$ cat start11.tsv   # TSV, C-alpha atoms
chain	number	residue	atom	x	y	z
A	1	GLU	CA	-13.61	-2.19	3.89
A	2	PRO	CA	-11.00	0.59	3.93
A	3	GLU	CA	-8.95	0.96	0.78
A	4	VAL	CA	-6.18	3.01	-0.75
A	5	THR	CA	-7.40	5.38	-3.44
A	6	GLN	CA	-5.42	7.10	-6.18
A	7	THR	CA	-6.12	9.94	-8.58
A	8	PRO	CA	-6.06	10.37	-11.46
A	9	SER	CA	-6.44	6.90	-12.91
A	10	HIS	CA	-4.67	8.02	-16.08
A	11	GLN	CA	-2.41	11.01	-16.65
A	12	VAL	CA	-1.03	12.02	-20.02
A	13	THR	CA	1.69	14.64	-20.07
A	14	GLN	CA	4.33	16.11	-22.32
A	15	MET	CA	7.98	15.37	-21.71
A	16	GLY	CA	9.50	17.97	-19.41
A	17	GLN	CA	6.23	18.78	-17.63
A	18	GLU	CA	5.63	18.34	-13.93
A	19	VAL	CA	3.07	15.84	-12.71
A	20	ILE	CA	1.59	15.19	-9.29
A	21	LEU	CA	0.09	11.83	-8.50
A	22	ARG	CA	-2.25	11.67	-5.54
A	23	CYS	CA	-3.04	8.97	-3.05
A	24	VAL	CA	-5.25	8.67	0.01
A	25	PRO	CA	-3.85	5.87	2.20
A	26	ILE	CA	-5.87	3.86	4.69
A	27	SER	CA	-6.54	6.20	7.58
A	28	ASN	CA	-4.89	4.40	10.50
A	29	HIS	CA	-1.80	3.32	8.58
A	30	LEU	CA	1.58	4.78	9.41
A	31	TYR	CA	3.81	3.67	6.55
A	32	PHE	CA	3.38	4.92	3.01
A	33	TYR	CA	5.01	3.80	-0.21
A	34	TRP	CA	5.24	4.49	-3.90
A	35	TYR	CA	6.00	1.76	-6.43
A	36	ARG	CA	5.97	1.73	-10.17
A	37	GLN	CA	5.54	-0.91	-12.85
A	38	ILE	CA	6.81	-0.25	-16.35
A	39	LEU	CA	4.77	-2.19	-18.89
A	40	GLY	CA	5.84	-5.82	-18.97
A	41	GLN	CA	8.24	-5.46	-16.06
A	42	LYS	CA	8.04	-6.11	-12.35
A	43	VAL	CA	6.75	-3.83	-9.66
A	44	GLU	CA	9.64	-1.70	-8.36
A	45	PHE	CA	9.97	0.13	-5.07
A	46	LEU	CA	10.46	3.88	-5.29
A	47	VAL	CA	10.18	5.36	-1.80
A	48	SER	CA	8.87	4.80	1.69
A	49	PHE	CA	7.56	7.51	4.00
A	50	TYR	CA	7.11	7.38	7.75
A	51	ASN	CA	6.66	10.01	10.42
A	52	ASN	CA	6.51	12.78	7.82
A	53	GLU	CA	9.80	12.02	6.19
A	54	ILE	CA	11.35	9.73	3.62
A	55	SER	CA	12.59	6.61	5.36
A	56	GLU	CA	14.01	4.77	2.39
A	57	LYS	CA	14.34	5.31	-1.35
A	58	SER	CA	15.58	3.37	-4.34
A	59	GLU	CA	18.04	4.37	-7.04
A	60	ILE	CA	15.09	5.20	-9.27
A	61	PHE	CA	13.96	7.92	-6.88
A	62	ASP	CA	16.34	10.65	-8.00
A	63	ASP	CA	16.15	14.44	-7.64
A	64	GLN	CA	13.30	14.63	-10.12
A	65	PHE	CA	11.02	12.85	-7.64
A	66	SER	CA	9.59	14.13	-4.40
A	67	VAL	CA	6.89	13.03	-1.98
A	68	GLU	CA	4.74	14.92	0.42
A	69	ARG	CA	1.95	14.39	2.91
A	70	PRO	CA	0.55	17.92	2.89
A	71	ASP	CA	-2.57	17.56	4.99
A	72	GLY	CA	-2.35	14.36	7.00
A	73	SER	CA	-4.51	12.40	4.59
A	74	ASN	CA	-3.18	12.83	1.06
A	75	PHE	CA	0.17	11.40	0.01
A	76	THR	CA	1.59	12.76	-3.23
A	77	LEU	CA	4.34	11.86	-5.65
A	78	LYS	CA	5.71	14.69	-7.78
A	79	ILE	CA	7.85	14.23	-10.85
A	80	ARG	CA	9.41	17.59	-11.64
A	81	SER	CA	10.38	17.17	-15.28
A	82	THR	CA	8.98	14.02	-16.79
A	83	LYS	CA	10.93	11.84	-19.18
A	84	LEU	CA	9.67	9.29	-21.67
A	85	GLU	CA	10.98	6.49	-19.47
A	86	ASP	CA	8.80	7.66	-16.58
A	87	SER	CA	5.80	6.17	-18.39
A	88	ALA	CA	4.52	3.45	-16.08
A	89	MET	CA	1.81	2.47	-13.62
A	90	TYR	CA	2.45	4.15	-10.30
A	91	PHE	CA	1.07	2.42	-7.23
A	92	CYS	CA	0.66	3.91	-3.80
A	93	ALA	CA	0.61	1.56	-0.82
A	94	SER	CA	0.13	1.89	2.90
A	95	GLY	CA	0.74	-0.39	5.83
A	96	SER	CA	0.77	-0.67	9.59
A	97	ARG	CA	3.00	-2.58	11.92
A	98	ILE	CA	2.21	-6.14	12.84
A	99	GLY	CA	2.84	-6.84	16.48
A	100	SER	CA	6.21	-5.61	17.61
A	101	GLY	CA	7.88	-6.17	14.29
A	102	LEU	CA	8.58	-3.82	11.45
A	103	TYR	CA	6.86	-6.03	8.94
A	104	ASN	CA	3.63	-4.95	7.49
A	105	GLU	CA	1.16	-6.12	4.92
A	106	GLN	CA	0.97	-3.34	2.42
A	107	PHE	CA	-2.29	-2.47	0.78
A	108	PHE	CA	-2.08	-1.08	-2.71
A	109	GLY	CA	-4.18	1.44	-4.55
A	110	PRO	CA	-5.47	0.82	-8.06
A	111	GLY	CA	-2.63	2.78	-9.64
A	112	THR	CA	-2.19	5.80	-11.89
A	113	ARG	CA	-1.17	5.12	-15.44
A	114	LEU	CA	1.29	7.84	-16.44
A	115	THR	CA	1.94	8.33	-20.14
A	116	VAL	CA	4.73	10.73	-21.12
A	117	LEU	CA	4.66	11.85	-24.75
B	1	ASP	CA	20.01	-8.30	-10.12
B	2	GLN	CA	16.93	-10.37	-9.43
B	3	GLN	CA	16.73	-10.94	-5.72
B	4	VAL	CA	13.26	-12.48	-6.01
B	5	LYS	CA	12.66	-14.81	-8.91
B	6	GLN	CA	9.52	-16.33	-10.30
B	7	ASN	CA	10.77	-18.52	-13.08
B	8	SER	CA	7.41	-19.56	-14.48
B	9	PRO	CA	5.76	-16.71	-16.35
B	10	SER	CA	2.52	-18.66	-16.67
B	11	LEU	CA	0.63	-21.64	-15.27
B	12	SER	CA	-2.57	-23.27	-16.44
B	13	VAL	CA	-4.64	-25.43	-14.09
B	14	GLN	CA	-8.01	-27.15	-14.25
B	15	GLU	CA	-10.73	-25.92	-11.90
B	16	GLY	CA	-10.79	-27.91	-8.67
B	17	ARG	CA	-7.14	-28.93	-8.92
B	18	ILE	CA	-4.20	-27.58	-6.97
B	19	SER	CA	-2.23	-24.59	-8.23
B	20	ILE	CA	1.37	-24.37	-7.11
B	21	LEU	CA	3.24	-21.14	-7.70
B	22	ASN	CA	6.93	-21.04	-6.98
B	23	CYS	CA	9.35	-18.35	-5.92
B	24	ASP	CA	13.07	-18.31	-5.20
B	25	TYR	CA	15.14	-15.66	-3.52
B	26	THR	CA	18.84	-15.02	-3.28
B	27	ASN	CA	19.25	-12.88	-0.18
B	28	SER	CA	19.39	-14.95	2.99
B	29	MET	CA	18.70	-11.81	5.02
B	30	PHE	CA	15.12	-11.68	3.80
B	31	ASP	CA	12.88	-12.70	6.67
B	32	TYR	CA	9.35	-11.88	5.62
B	33	PHE	CA	7.60	-12.88	2.43
B	34	LEU	CA	4.26	-12.00	0.89
B	35	TRP	CA	2.09	-13.10	-2.00
B	36	TYR	CA	-0.02	-10.65	-3.95
B	37	LYS	CA	-2.62	-11.23	-6.64
B	38	LYS	CA	-3.13	-8.71	-9.42
B	39	TYR	CA	-5.94	-8.35	-11.92
B	40	PRO	CA	-5.46	-6.19	-15.02
B	41	ALA	CA	-5.92	-2.47	-14.38
B	42	GLU	CA	-5.94	-2.98	-10.61
B	43	GLY	CA	-3.33	-2.71	-7.89
B	44	PRO	CA	-1.79	-5.78	-6.24
B	45	THR	CA	-4.05	-7.35	-3.61
B	46	PHE	CA	-2.45	-8.88	-0.53
B	47	LEU	CA	-3.10	-12.61	-0.20
B	48	ILE	CA	-0.94	-14.20	2.45
B	49	SER	CA	2.42	-13.74	4.15
B	50	ILE	CA	4.96	-15.77	6.07
B	51	SER	CA	7.71	-14.94	8.49
B	52	SER	CA	11.02	-16.79	8.28
B	53	ILE	CA	10.45	-18.26	11.72
B	54	LYS	CA	7.70	-20.40	10.19
B	55	ASP	CA	7.69	-22.91	7.39
B	56	LYS	CA	3.98	-22.86	6.65
B	57	ASN	CA	1.08	-20.45	6.85
B	58	GLU	CA	-2.47	-21.29	5.86
B	59	ASP	CA	-5.47	-19.10	5.15
B	60	GLY	CA	-8.48	-20.83	3.69
B	61	ARG	CA	-7.64	-22.18	0.25
B	62	PHE	CA	-4.22	-20.54	0.30
B	63	THR	CA	-1.11	-22.02	1.90
B	64	VAL	CA	2.40	-20.66	1.68
B	65	PHE	CA	5.38	-22.90	2.34
B	66	LEU	CA	8.86	-21.61	3.09
B	67	ASN	CA	12.06	-23.62	2.71
B	68	LYS	CA	14.80	-21.39	4.06
B	69	SER	CA	17.67	-23.73	3.30
B	70	ALA	CA	16.64	-23.80	-0.35
B	71	LYS	CA	15.62	-20.11	-0.34
B	72	HIS	CA	12.36	-21.17	-1.87
B	73	LEU	CA	8.73	-20.50	-1.19
B	74	SER	CA	5.57	-21.68	-2.82
B	75	LEU	CA	1.91	-20.75	-2.82
B	76	HIS	CA	-0.64	-23.54	-2.98
B	77	ILE	CA	-4.22	-22.84	-3.96
B	78	VAL	CA	-6.64	-25.69	-3.27
B	79	PRO	CA	-9.10	-26.05	-4.87
B	80	SER	CA	-8.39	-23.67	-7.72
B	81	GLN	CA	-11.32	-21.61	-9.02
B	82	PRO	CA	-11.73	-19.65	-12.26
B	83	GLY	CA	-11.81	-16.44	-10.22
B	84	ASP	CA	-8.25	-17.17	-9.11
B	85	SER	CA	-7.05	-16.40	-12.63
B	86	ALA	CA	-4.69	-13.46	-12.21
B	87	VAL	CA	-1.00	-12.59	-12.00
B	88	TYR	CA	0.57	-13.69	-8.72
B	89	PHE	CA	3.55	-11.83	-7.33
B	90	CYS	CA	5.93	-13.07	-4.72
B	91	ALA	CA	7.57	-10.33	-2.64
B	92	ALA	CA	10.17	-10.11	0.09
B	93	ASN	CA	10.57	-7.48	2.74
B	94	GLY	CA	13.68	-5.73	1.51
B	95	GLY	CA	14.41	-3.07	4.06
B	96	SER	CA	13.95	-1.82	7.58
B	97	GLN	CA	10.97	0.26	6.53
B	98	GLY	CA	9.18	-2.58	4.84
B	99	ASN	CA	9.80	-1.81	1.19
B	100	LEU	CA	8.94	-4.82	-0.90
B	101	ILE	CA	11.05	-6.50	-3.57
B	102	PHE	CA	8.85	-8.19	-6.10
B	103	GLY	CA	9.31	-11.06	-8.48
B	104	LYS	CA	8.19	-10.70	-12.09
B	105	GLY	CA	4.95	-12.56	-11.47
B	106	THR	CA	3.28	-15.73	-12.67
B	107	LYS	CA	0.08	-15.56	-14.67
B	108	LEU	CA	-2.32	-18.23	-13.42
B	109	SER	CA	-5.17	-19.39	-15.64
B	110	VAL	CA	-7.77	-21.65	-14.06
B	111	LYS	CA	-9.90	-23.33	-16.68
B	112	PRO	CA	-13.47	-24.43	-15.94
$ encode --input "start11.tsv" --output "structure tokens"
Amino acid sequence: EPEVTQTPSHQVTQMGQEVILRCVPISNHLYFYWYRQILGQKVEFLVSFYNNEISEKSEIFDDQFSVERPDGSNFTLKIRSTKLEDSAMYFCASGSRIGSGLYNEQFFGPGTRLTVL
Amino acid sequence: DQQVKQNSPSLSVQEGRISILNCDYTNSMFDYFLWYKKYPAEGPTFLISISSIKDKNEDGRFTVFLNKSAKHLSLHIVPSQPGDSAVYFCAANGGSQGNLIFGKGTKLSVKP
């Protein structure tokens, strides 16, 4: 069964460093997402990506964040200068349309645990 | 601002009985809802969804009910099994590109 994969599973970095989190979405999906979950809190939407551009982003997704789909298979989230409060689980998700609607069942990867020291 | 609320942080049920997980939402514009299950150290796994044009959707042991007037949905698991023990998240489609707004989750424990 196809699945979303993410690497690395755990990333430890120093405050101020850049990190890149990688995801391989399900191959025939068209919509791609990043979410994060700070320990003990709910899963929060960061950004959606469709047709090679950001389609929607949350307040969390500020100038320190960027996303890219460099080669048609990988989908990356870059944090330019990490802060302590960026420590969280980061989940990638992908989805495809259902029928003629915009709604899609999103399939999540296992997550990358980011620890900023 | 909690647009999707799961007011019960935990629920304990005996194996074979029904589990009922509840979810409330505040935004009447939401028109598609999903339930996800999450095990520790794994990503959320899609379980079942419902469009606002329906009031019930069933898939095997899982049934989701939607009461639009009350802005309430519930997930029923019958019969509950120990393997169902996990955190269950309710989510609503929050935007035109399908971004999901999650509740805080309910931890279900099914005891043998």
$ interface_residues --input "start11.tsv" --of "chain A" --to "chain B" --cutoff "7 Å" --atoms "all atoms listed in the file" --output "PyMOL selection string"
chain A and resi 41-45+48+55-56+91+102-104+107-111
$ atom_distance --input "start11.tsv" --atom1 "atom CA of Pro25 of chain A" --atom2 "atom CA of Ile60 of chain A"
22.2 Å
$ atom_distance --input "start11.tsv" --atom1 "atom CA of Pro8 of chain A" --atom2 "atom CA of Val67 of chain A"
16.3 Å
$ closest_residue --input "start11.tsv" --among "A:Ser96, A:Thr76, A:Ser87, A:Asn52" --to "His10 of chain A" --atoms "only C-alpha atoms"
A:Ser87
$ atom_distance --input "start11.tsv" --atom1 "atom CA of Gln17 of chain A" --atom2 "atom CA of Arg113 of chain A"
15.7 Å
$ closest_residue --input "start11.tsv" --among "B:Leu108, B:Thr26, B:Pro9, B:Ile20" --to "Phe62 of chain B" --atoms "all atoms listed in the file"
B:Ile20
$ residues_around --input "start11.tsv" --residues "Val116 of chain A" --least-positions-apart "5" --cutoff "7 Å" --atoms "all atoms listed in the file" --output "ChimeraX atom specification"
/A:12-15,82-84,86-87
$ write_last_selection --input "start11.tsv" --atoms "C-alpha atoms" --output "PDB file, in the frame of the given file"
ATOM      1  CA  VAL A  12      -1.030  12.020 -20.020  1.00  0.00           C
ATOM      2  CA  THR A  13       1.690  14.640 -20.070  1.00  0.00           C
ATOM      3  CA  GLN A  14       4.330  16.110 -22.320  1.00  0.00           C
ATOM      4  CA  MET A  15       7.980  15.370 -21.710  1.00  0.00           C
ATOM      5  CA  THR A  82       8.980  14.020 -16.790  1.00  0.00           C
ATOM      6  CA  LYS A  83      10.930  11.840 -19.180  1.00  0.00           C
ATOM      7  CA  LEU A  84       9.670   9.290 -21.670  1.00  0.00           C
ATOM      8  CA  ASP A  86       8.800   7.660 -16.580  1.00  0.00           C
ATOM      9  CA  SER A  87       5.800   6.170 -18.390  1.00  0.00           C
TER      10      SER A  87
END
$ closest_residue --input "start11.tsv" --among "B:Tyr25, B:Glu58, B:Gly16, B:Lys37" --to "Thr106 of chain B" --atoms "only C-alpha atoms"
B:Lys37
$ residues_around --input "start11.tsv" --residues "Ser85 of chain B" --least-positions-apart "4" --cutoff "9 Å" --atoms "all atoms listed in the file" --output "list in words"
Tyr39, Ser80, Gln81, Lys107, Leu108, Ser109, Val110 and Lys111 of chain B
$ write_last_selection --input "start11.tsv" --atoms "C-alpha atoms" --output "mmCIF file, in the coordinates of the input"
data_model
loop_
_atom_site.group_PDB
_atom_site.id
_atom_site.type_symbol
_atom_site.label_atom_id
_atom_site.label_comp_id
_atom_site.auth_asym_id
_atom_site.auth_seq_id
_atom_site.Cartn_x
_atom_site.Cartn_y
_atom_site.Cartn_z
ATOM 1 C CA TYR B 39 -5.940 -8.350 -11.920
ATOM 2 C CA SER B 80 -8.390 -23.670 -7.720
ATOM 3 C CA GLN B 81 -11.320 -21.610 -9.020
ATOM 4 C CA LYS B 107 0.080 -15.560 -14.670
ATOM 5 C CA LEU B 108 -2.320 -18.230 -13.420
ATOM 6 C CA SER B 109 -5.170 -19.390 -15.640
ATOM 7 C CA VAL B 110 -7.770 -21.650 -14.060
ATOM 8 C CA LYS B 111 -9.900 -23.330 -16.680
#
$ residues_around --input "start11.tsv" --residues "Ser73 of chain A" --least-positions-apart "5" --cutoff "9 Å" --atoms "only C-alpha atoms" --output "PyMOL selection string"
chain A and resi 23-27
$ write_last_selection --input "start11.tsv" --atoms "C-alpha atoms" --output "mmCIF file, in the coordinates of the input"
data_model
loop_
_atom_site.group_PDB
_atom_site.id
_atom_site.type_symbol
_atom_site.label_atom_id
_atom_site.label_comp_id
_atom_site.auth_asym_id
_atom_site.auth_seq_id
_atom_site.Cartn_x
_atom_site.Cartn_y
_atom_site.Cartn_z
ATOM 1 C CA CYS A 23 -3.040 8.970 -3.050
ATOM 2 C CA VAL A 24 -5.250 8.670 0.010
ATOM 3 C CA PRO A 25 -3.850 5.870 2.200
ATOM 4 C CA ILE A 26 -5.870 3.860 4.690
ATOM 5 C CA SER A 27 -6.540 6.200 7.580
#
